Structures are given as structure tokens and as C-alpha cells.
file structure-v4.txt (compact mmCIF, C-alpha atoms)
# COMPACT_ATOMS: atom_id res chain seq x y z
CA MET R 1 98.56 119.60 140.07
CA LYS R 2 99.68 118.21 136.72
CA MET R 3 101.85 115.23 135.94
CA LYS R 4 105.36 116.23 134.86
CA LEU R 5 107.06 114.70 131.84
CA TYR R 6 110.82 115.21 131.58
CA CYS R 7 111.51 115.01 127.89
CA SER R 8 113.28 116.09 124.71
CA PRO R 9 111.40 116.98 121.50
CA THR R 10 113.57 114.71 119.33
CA SER R 11 113.55 111.55 121.47
CA PRO R 12 111.51 108.72 119.89
CA TYR R 13 110.94 107.24 123.36
CA VAL R 14 109.42 110.53 124.46
CA ARG R 15 107.35 110.74 121.29
CA LYS R 16 105.78 107.37 122.00
CA VAL R 17 104.62 108.68 125.37
CA ARG R 18 103.36 111.95 123.88
CA VAL R 19 101.39 110.15 121.16
CA VAL R 20 99.81 107.76 123.65
CA ALA R 21 98.94 110.65 125.96
CA ALA R 22 97.32 112.54 123.07
CA GLU R 23 95.33 109.51 121.91
CA LEU R 24 94.10 109.04 125.49
CA GLY R 25 93.13 112.69 125.85
CA LEU R 26 95.61 113.26 128.68
CA THR R 27 97.86 115.90 127.13
CA ASP R 28 96.37 118.76 129.15
CA LEU R 29 97.12 116.88 132.36
CA ILE R 30 100.85 116.73 131.64
CA GLU R 31 103.41 119.50 131.98
CA GLU R 32 106.39 118.92 129.71
CA ILE R 33 109.83 119.82 131.07
CA ILE R 34 112.49 119.93 128.36
CA VAL R 35 115.87 118.62 129.51
CA ASP R 36 119.11 117.44 127.94
CA PRO R 37 119.84 114.01 129.43
CA HIS R 38 123.42 114.08 128.12
CA ALA R 39 124.14 117.09 130.32
CA SER R 40 122.82 115.22 133.39
CA PRO R 41 120.92 118.24 134.75
CA VAL R 42 120.26 118.26 138.48
CA GLU R 43 116.49 118.38 138.00
CA LEU R 44 116.55 115.20 135.90
CA LEU R 45 118.92 113.37 138.22
CA ALA R 46 116.55 114.16 141.08
CA VAL R 47 113.84 112.03 139.45
CA ASN R 48 116.00 109.52 137.57
CA PRO R 49 119.57 108.73 138.66
CA LEU R 50 120.12 107.09 135.25
CA SER R 51 119.80 110.52 133.57
CA LYS R 52 117.52 109.10 130.89
CA ILE R 53 114.28 110.32 129.41
CA PRO R 54 111.36 110.16 129.42
CA VAL R 55 110.49 110.32 133.10
CA LEU R 56 106.95 110.89 134.32
CA VAL R 57 106.21 112.25 137.77
CA THR R 58 102.59 111.54 138.68
CA GLU R 59 100.34 113.88 140.67
CA ARG R 60 101.20 111.80 143.72
CA GLY R 61 104.90 112.33 143.20
CA GLU R 62 105.63 108.81 141.93
CA THR R 63 108.44 108.68 139.36
CA LEU R 64 108.20 106.39 136.34
CA PRO R 65 111.59 106.36 134.54
CA ASP R 66 110.88 104.39 131.34
CA SER R 67 108.64 104.91 128.30
CA SER R 68 107.03 101.46 128.54
CA LEU R 69 106.32 101.96 132.22
CA ILE R 70 104.89 105.41 131.60
CA ILE R 71 102.66 104.15 128.80
CA GLU R 72 101.41 101.29 130.96
CA TYR R 73 100.49 103.85 133.62
CA LEU R 74 98.81 106.25 131.17
CA LEU R 75 96.66 103.44 129.78
CA THR R 76 95.07 103.19 133.23
CA ARG R 77 94.21 106.90 133.16
CA GLY R 78 92.37 107.34 129.87
CA ARG R 79 90.59 105.76 126.94
CA GLY R 80 91.12 105.95 123.20
CA VAL R 81 93.91 103.46 122.57
CA THR R 82 92.91 100.01 121.38
CA GLY R 83 94.00 97.20 123.68
CA ILE R 84 96.33 94.43 122.62
CA PRO R 85 94.20 91.56 121.22
CA ARG R 86 93.73 88.35 123.13
CA GLY R 87 94.38 84.81 121.98
CA SER R 88 96.76 83.89 119.19
CA LYS R 89 96.74 87.42 117.72
CA ARG R 90 98.20 88.79 120.93
CA TRP R 91 101.65 87.34 120.35
CA SER R 92 101.81 88.56 116.77
CA ALA R 93 100.87 92.07 117.92
CA LEU R 94 103.41 92.10 120.74
CA ARG R 95 106.07 90.83 118.36
CA CYS R 96 105.45 93.79 116.05
CA GLU R 97 105.67 96.18 118.98
CA LYS R 98 109.04 94.78 120.07
CA ILE R 99 110.34 94.78 116.50
CA ALA R 100 109.38 98.45 116.19
CA ASP R 101 111.08 99.19 119.50
CA GLY R 102 114.16 97.40 118.15
CA ILE R 103 114.20 99.72 115.14
CA ILE R 104 114.14 102.70 117.48
CA ASP R 105 116.96 101.27 119.58
CA ALA R 106 119.07 100.57 116.49
CA ALA R 107 118.46 104.03 115.04
CA VAL R 108 119.36 105.71 118.34
CA ALA R 109 122.50 103.56 118.58
CA THR R 110 123.42 104.70 115.07
CA VAL R 111 122.93 108.36 115.95
CA MET R 112 125.04 108.03 119.09
CA GLU R 113 127.85 106.23 117.28
CA LYS R 114 128.01 108.93 114.61
CA ARG R 115 128.45 111.57 117.29
CA ARG R 116 131.85 110.11 118.12
CA PRO R 117 134.96 111.60 116.46
CA GLU R 118 135.10 110.29 112.89
CA SER R 119 138.43 108.57 113.52
CA ILE R 120 136.91 106.23 116.12
CA VAL R 121 133.47 105.61 114.63
CA TYR R 122 132.94 101.84 114.59
CA THR R 123 131.61 101.20 111.08
CA VAL R 124 131.00 97.52 111.78
CA HIS R 125 128.53 98.59 114.45
CA LEU R 126 126.80 100.97 112.05
CA ASP R 127 126.52 98.28 109.38
CA ARG R 128 125.03 95.88 111.90
CA GLN R 129 122.39 98.40 112.95
CA ALA R 130 121.49 99.14 109.33
CA ALA R 131 121.10 95.43 108.57
CA LEU R 132 119.00 94.96 111.68
CA ILE R 133 116.69 97.80 110.65
CA ALA R 134 116.34 96.39 107.12
CA ARG R 135 115.28 92.98 108.42
CA ALA R 136 112.86 94.52 110.90
CA LEU R 137 111.24 96.69 108.24
CA GLU R 138 110.71 93.64 106.04
CA LEU R 139 108.89 91.85 108.86
CA LEU R 140 106.69 94.87 109.60
CA ASN R 141 105.91 95.32 105.93
CA ASN R 142 104.54 91.79 105.84
CA GLU R 143 102.53 92.38 109.03
CA THR R 144 100.96 95.67 107.90
CA PRO R 145 97.60 94.12 106.86
CA GLY R 146 97.02 93.19 110.51
CA PHE R 147 97.40 96.73 111.82
CA GLU R 148 94.38 98.35 113.49
CA PRO R 149 92.75 100.55 110.80
CA GLU R 150 90.99 103.03 113.11
CA ALA R 151 91.91 103.55 116.77
CA PRO R 152 95.56 102.56 117.13
CA SER R 153 97.04 100.33 119.79
CA VAL R 154 100.49 100.71 121.31
CA VAL R 155 101.65 98.45 118.46
CA GLU R 156 100.73 100.89 115.71
CA ILE R 157 102.01 103.82 117.76
CA SER R 158 105.38 102.09 118.22
CA VAL R 159 105.64 101.35 114.51
CA GLY R 160 104.63 104.87 113.54
CA VAL R 161 107.13 106.49 115.89
CA ALA R 162 109.90 104.17 114.69
CA LEU R 163 109.28 105.08 111.06
CA GLY R 164 109.10 108.76 111.91
CA TYR R 165 112.45 108.54 113.65
CA LEU R 166 114.01 106.89 110.61
CA ASP R 167 112.76 109.80 108.52
CA LEU R 168 114.29 112.24 110.99
CA ARG R 169 117.69 110.65 111.59
CA MET R 170 118.27 108.13 108.79
CA PRO R 171 116.47 109.46 105.69
CA TYR R 172 119.24 108.03 103.50
CA LEU R 173 117.78 104.56 104.09
CA GLU R 174 114.83 105.52 101.86
CA TRP R 175 112.84 102.74 103.52
CA ARG R 176 109.66 103.47 101.56
CA LYS R 177 111.16 102.29 98.26
CA SER R 178 111.09 98.60 99.14
CA HIS R 179 108.28 98.55 101.72
CA GLU R 180 105.20 99.71 99.85
CA ALA R 181 102.57 98.33 102.22
CA LEU R 182 104.27 99.85 105.26
CA ALA R 183 104.75 103.18 103.47
CA ASN R 184 101.08 103.35 102.48
CA TRP R 185 99.99 102.63 106.02
CA TYR R 186 102.36 105.20 107.49
CA THR R 187 101.16 107.92 105.12
CA GLY R 188 97.75 107.73 106.75
CA PHE R 189 98.95 107.15 110.29
CA ALA R 190 101.34 110.12 110.19
CA GLN R 191 98.35 112.40 109.60
CA ARG R 192 96.78 111.60 112.96
CA ALA R 193 96.60 114.69 115.18
CA SER R 194 98.72 112.97 117.85
CA MET R 195 101.51 112.37 115.34
CA VAL R 196 101.33 115.84 113.81
CA ARG R 197 101.49 117.58 117.20
CA SER R 198 104.46 115.46 118.31
CA GLN R 199 106.45 115.90 115.10
CA PRO R 200 110.06 116.49 116.18
CA PRO R 201 111.96 119.52 114.89
CA VAL R 202 114.58 118.94 112.24
CA VAL R 203 117.97 119.57 113.87

call {"tool": "encode", "arguments": {"input": "structure-v4.txt", "output": "C-alpha cells"}}
result
Amino acid sequence: MKMKLYCSPTSPYVRKVRVVAAELGLTDLIEEIIVDPHASPVELLAVNPLSKIPVLVTERGETLPDSSLIIEYLLTRGRGVTGIPRGSKRWSALRCEKIADGIIDAAVATVMEKRRPESIVYTVHLDRQAALIARALELLNNETPGFEPEAPSVVEISVGVALGYLDLRMPYLEWRKSHEALANWYTGFAQRASMVRSQPPVV
């Protein structure tokens, strides 16, 4: 019996899980079930009353309704992802991970706001998210020299997925122009098999 991952191909939260699973060599143990969380399908509500994705159902029937929780679980099941460093470097690494997660949250918030009727789109909210993303990118650009050059950790995966989502949903930001170090790093990271296989469709 395989684990079941309720997911959407364009969700950055799902992509983080898929990349981690691929890096750990667990992809073949997971059955992906594509759902639309906005439609609140019965099958999704049965495993997550919040109607959010991703949700992982383990072989034992345990439901894990959050990407961070799922990743924590998957890290106990396989090898291939570098652990978070210990000591003083740990806090710097975790900070980068949370900053990358913040970029994802802000980009998703932007996408959701723009789906509202144009007459009620809150432009102040959009401007705030754009400014937040700009500041976060500047921090990550300065931290790029500390990224793991070979086997990635959850930190690098989070950063890579965040940048990929900006390319998908907010290409007009042209983030590469003023973040050369981050752009150079991402060019290589985006070529990893786990990133290529999880590339979301352009919709």
C-alpha cells in the first residue's frame, strides 16, 4: 500500500513536498491524487476538514495536513537531504527557510487577491506583498554563499521552490535583474531532477 498525497500541480506547498520526496528517493512510494481545494471535494474534506493541500495519508492511514509536517515525516523515511546544521549556523539556515516560506505565502496571497473582481482588488495589499518579497529576496541574495552546494537541505529546497513560484505567477517582478548571486545559484538548482520533474504547468 502506497502513501497518498492529495495535491495540485501548481501549488508551491505541494512542490516542496514533491521535491523532498524525490530527493529522498520516496516518489515511487507515493500515489498522487490531484484535487482542487477551492472546490472542497468530499475526498479532500475526508482527510482534511480545512480543505487545504497538501495532505499526506501514510500507509498506516495517518493524515498529515501540512507541508512542513509532511516533510518532517518524510525525512524519517529516506536519505538524501542534508540535515539542518548544528550550532550557530543552524539559526541562519532556519531563518532562510522561513524567509523563503514567507515569499511563497506572499506570492500565494497576491495570486488569491488578483482572483477577486477587479473592482474590489485591494491594491494596498498587493503593494505590501510585493515590498515584502523584494526585501526577502535581498536577504536571500546576501545569504546565497552559505547554501549547500551539493545535496540540498530543506532550506535550499524552500528557496528554490519559492523562486520557481515567482517565475510562474509573478514573472513581472524580474527578480533576477537585481539579485545576481541568487539567480546564479537558482540556475543550477533548477536543473536538479527533482525540480525538473516537479515543474508546474503554465496555466

call {"tool": "closest_residue", "arguments": {"input": "structure-v4.txt", "among": "R:Leu166, R:Ser178, R:Glu156, R:Ala190", "to": "Val81 (chain R)", "atoms": "only C-alpha atoms"}}
result
R:Glu156

call {"tool": "residues_near_point", "arguments": {"input": "structure-v4.txt", "point": "(110.4, 112.9, 118.8)", "cutoff": "6 Å", "atoms": "all atoms listed in the file", "output": "list in words"}}
result
Pro9, Thr10, Ser11, Pro12, Arg15 and Pro200 of chain R

call {"tool": "closest_residue", "arguments": {"input": "structure-v4.txt", "among": "R:Arg115, R:Arg95, R:Arg18, R:Lys52", "to": "Ala39 (chain R)", "atoms": "all atoms listed in the file"}}
result
R:Lys52

call {"tool": "residues_around", "arguments": {"input": "structure-v4.txt", "residues": "Pro65 (chain R)", "least_positions_apart": "2", "cutoff": "8 Å", "atoms": "only C-alpha atoms", "output": "PyMOL selection string"}}
result
chain R and resi 47-48+52-56+63+67+69-70

call {"tool": "write_last_selection", "arguments": {"input": "structure-v4.txt", "atoms": "C-alpha atoms", "output": "tab-separated table (two decimals), keeping the file's coordinate frame"}}
result
chain	number	residue	atom	x	y	z
R	47	VAL	CA	113.84	112.03	139.45
R	48	ASN	CA	116.00	109.52	137.57
R	52	LYS	CA	117.52	109.10	130.89
R	53	ILE	CA	114.28	110.32	129.41
R	54	PRO	CA	111.36	110.16	129.42
R	55	VAL	CA	110.49	110.32	133.10
R	56	LEU	CA	106.95	110.89	134.32
R	63	THR	CA	108.44	108.68	139.36
R	67	SER	CA	108.64	104.91	128.30
R	69	LEU	CA	106.32	101.96	132.22
R	70	ILE	CA	104.89	105.41	131.60

call {"tool": "atom_distance", "arguments": {"input": "structure-v4.txt", "atom1": "CA of Thr187 (chain R)", "atom2": "CA of Leu163 (chain R)"}}
result
10.5 Å

call {"tool": "build_atoms", "arguments": {"input": "structure-v4.txt", "residues": "region 51-72 of chain R", "atoms": "N, CA, C and O atoms", "output": "PDB file, in the frame of the given file"}}
result
ATOM      1  N   SER R  51     119.726 109.374 134.485  1.00  0.00           N
ATOM      2  CA  SER R  51     119.800 110.520 133.570  1.00  0.00           C
ATOM      3  C   SER R  51     119.292 110.154 132.179  1.00  0.00           C
ATOM      4  O   SER R  51     119.918 110.457 131.168  1.00  0.00           O
ATOM      5  N   LYS R  52     118.147 109.465 132.148  1.00  0.00           N
ATOM      6  CA  LYS R  52     117.520 109.100 130.890  1.00  0.00           C
ATOM      7  C   LYS R  52     116.112 109.658 130.836  1.00  0.00           C
ATOM      8  O   LYS R  52     115.477 109.899 131.864  1.00  0.00           O
ATOM      9  N   ILE R  53     115.644 109.865 129.616  1.00  0.00           N
ATOM     10  CA  ILE R  53     114.280 110.320 129.410  1.00  0.00           C
ATOM     11  C   ILE R  53     113.560 109.315 128.517  1.00  0.00           C
ATOM     12  O   ILE R  53     114.206 108.559 127.784  1.00  0.00           O
ATOM     13  N   PRO R  54     112.211 109.304 128.611  1.00  0.00           N
ATOM     14  CA  PRO R  54     111.360 110.160 129.420  1.00  0.00           C
ATOM     15  C   PRO R  54     111.248 109.689 130.871  1.00  0.00           C
ATOM     16  O   PRO R  54     111.499 108.524 131.171  1.00  0.00           O
ATOM     17  N   VAL R  55     110.852 110.620 131.717  1.00  0.00           N
ATOM     18  CA  VAL R  55     110.490 110.320 133.100  1.00  0.00           C
ATOM     19  C   VAL R  55     109.165 111.018 133.377  1.00  0.00           C
ATOM     20  O   VAL R  55     109.011 112.200 133.046  1.00  0.00           O
ATOM     21  N   LEU R  56     108.228 110.294 133.938  1.00  0.00           N
ATOM     22  CA  LEU R  56     106.950 110.890 134.320  1.00  0.00           C
ATOM     23  C   LEU R  56     106.860 110.940 135.841  1.00  0.00           C
ATOM     24  O   LEU R  56     107.121 109.943 136.515  1.00  0.00           O
ATOM     25  N   VAL R  57     106.507 112.105 136.352  1.00  0.00           N
ATOM     26  CA  VAL R  57     106.210 112.250 137.770  1.00  0.00           C
ATOM     27  C   VAL R  57     104.707 112.425 137.894  1.00  0.00           C
ATOM     28  O   VAL R  57     104.144 113.381 137.352  1.00  0.00           O
ATOM     29  N   THR R  58     104.046 111.496 138.557  1.00  0.00           N
ATOM     30  CA  THR R  58     102.590 111.540 138.680  1.00  0.00           C
ATOM     31  C   THR R  58     102.176 112.633 139.664  1.00  0.00           C
ATOM     32  O   THR R  58     103.001 113.220 140.367  1.00  0.00           O
ATOM     33  N   GLU R  59     100.870 112.886 139.731  1.00  0.00           N
ATOM     34  CA  GLU R  59     100.340 113.880 140.670  1.00  0.00           C
ATOM     35  C   GLU R  59     100.683 113.531 142.110  1.00  0.00           C
ATOM     36  O   GLU R  59     100.763 114.405 142.971  1.00  0.00           O
ATOM     37  N   ARG R  60     100.882 112.257 142.363  1.00  0.00           N
ATOM     38  CA  ARG R  60     101.200 111.800 143.720  1.00  0.00           C
ATOM     39  C   ARG R  60     102.703 111.810 143.996  1.00  0.00           C
ATOM     40  O   ARG R  60     103.148 111.412 145.067  1.00  0.00           O
ATOM     41  N   GLY R  61     103.472 112.255 143.010  1.00  0.00           N
ATOM     42  CA  GLY R  61     104.900 112.330 143.200  1.00  0.00           C
ATOM     43  C   GLY R  61     105.654 111.055 142.886  1.00  0.00           C
ATOM     44  O   GLY R  61     106.863 110.953 143.132  1.00  0.00           O
ATOM     45  N   GLU R  62     104.984 110.063 142.308  1.00  0.00           N
ATOM     46  CA  GLU R  62     105.630 108.810 141.930  1.00  0.00           C
ATOM     47  C   GLU R  62     106.423 109.043 140.638  1.00  0.00           C
ATOM     48  O   GLU R  62     105.935 109.698 139.717  1.00  0.00           O
ATOM     49  N   THR R  63     107.626 108.505 140.560  1.00  0.00           N
ATOM     50  CA  THR R  63     108.440 108.680 139.360  1.00  0.00           C
ATOM     51  C   THR R  63     108.472 107.386 138.550  1.00  0.00           C
ATOM     52  O   THR R  63     108.722 106.307 139.083  1.00  0.00           O
ATOM     53  N   LEU R  64     108.211 107.525 137.262  1.00  0.00           N
ATOM     54  CA  LEU R  64     108.200 106.390 136.340  1.00  0.00           C
ATOM     55  C   LEU R  64     109.262 106.652 135.271  1.00  0.00           C
ATOM     56  O   LEU R  64     109.046 107.436 134.345  1.00  0.00           O
ATOM     57  N   PRO R  65     110.440 106.010 135.382  1.00  0.00           N
ATOM     58  CA  PRO R  65     111.590 106.360 134.540  1.00  0.00           C
ATOM     59  C   PRO R  65     111.789 105.487 133.303  1.00  0.00           C
ATOM     60  O   PRO R  65     112.905 105.051 133.021  1.00  0.00           O
ATOM     61  N   ASP R  66     110.742 105.228 132.533  1.00  0.00           N
ATOM     62  CA  ASP R  66     110.880 104.390 131.340  1.00  0.00           C
ATOM     63  C   ASP R  66     109.629 104.572 130.493  1.00  0.00           C
ATOM     64  O   ASP R  66     108.513 104.619 131.028  1.00  0.00           O
ATOM     65  N   SER R  67     109.792 104.647 129.173  1.00  0.00           N
ATOM     66  CA  SER R  67     108.640 104.910 128.300  1.00  0.00           C
ATOM     67  C   SER R  67     107.586 103.816 128.400  1.00  0.00           C
ATOM     68  O   SER R  67     106.383 104.104 128.444  1.00  0.00           O
ATOM     69  N   SER R  68     108.011 102.555 128.450  1.00  0.00           N
ATOM     70  CA  SER R  68     107.030 101.460 128.540  1.00  0.00           C
ATOM     71  C   SER R  68     106.263 101.522 129.848  1.00  0.00           C
ATOM     72  O   SER R  68     105.036 101.294 129.886  1.00  0.00           O
ATOM     73  N   LEU R  69     106.962 101.840 130.913  1.00  0.00           N
ATOM     74  CA  LEU R  69     106.320 101.960 132.220  1.00  0.00           C
ATOM     75  C   LEU R  69     105.346 103.129 132.244  1.00  0.00           C
ATOM     76  O   LEU R  69     104.232 103.021 132.763  1.00  0.00           O
ATOM     77  N   ILE R  70     105.765 104.236 131.652  1.00  0.00           N
ATOM     78  CA  ILE R  70     104.890 105.410 131.600  1.00  0.00           C
ATOM     79  C   ILE R  70     103.637 105.110 130.792  1.00  0.00           C
ATOM     80  O   ILE R  70     102.519 105.447 131.194  1.00  0.00           O
ATOM     81  N   ILE R  71     103.804 104.468 129.649  1.00  0.00           N
ATOM     82  CA  ILE R  71     102.660 104.150 128.800  1.00  0.00           C
ATOM     83  C   ILE R  71     101.708 103.196 129.517  1.00  0.00           C
ATOM     84  O   ILE R  71     100.483 103.363 129.463  1.00  0.00           O
ATOM     85  N   GLU R  72     102.248 102.213 130.201  1.00  0.00           N
ATOM     86  CA  GLU R  72     101.410 101.290 130.960  1.00  0.00           C
ATOM     87  C   GLU R  72     100.580 102.055 131.987  1.00  0.00           C
ATOM     88  O   GLU R  72      99.392 101.774 132.191  1.00  0.00           O
TER      89      GLU R  72
END
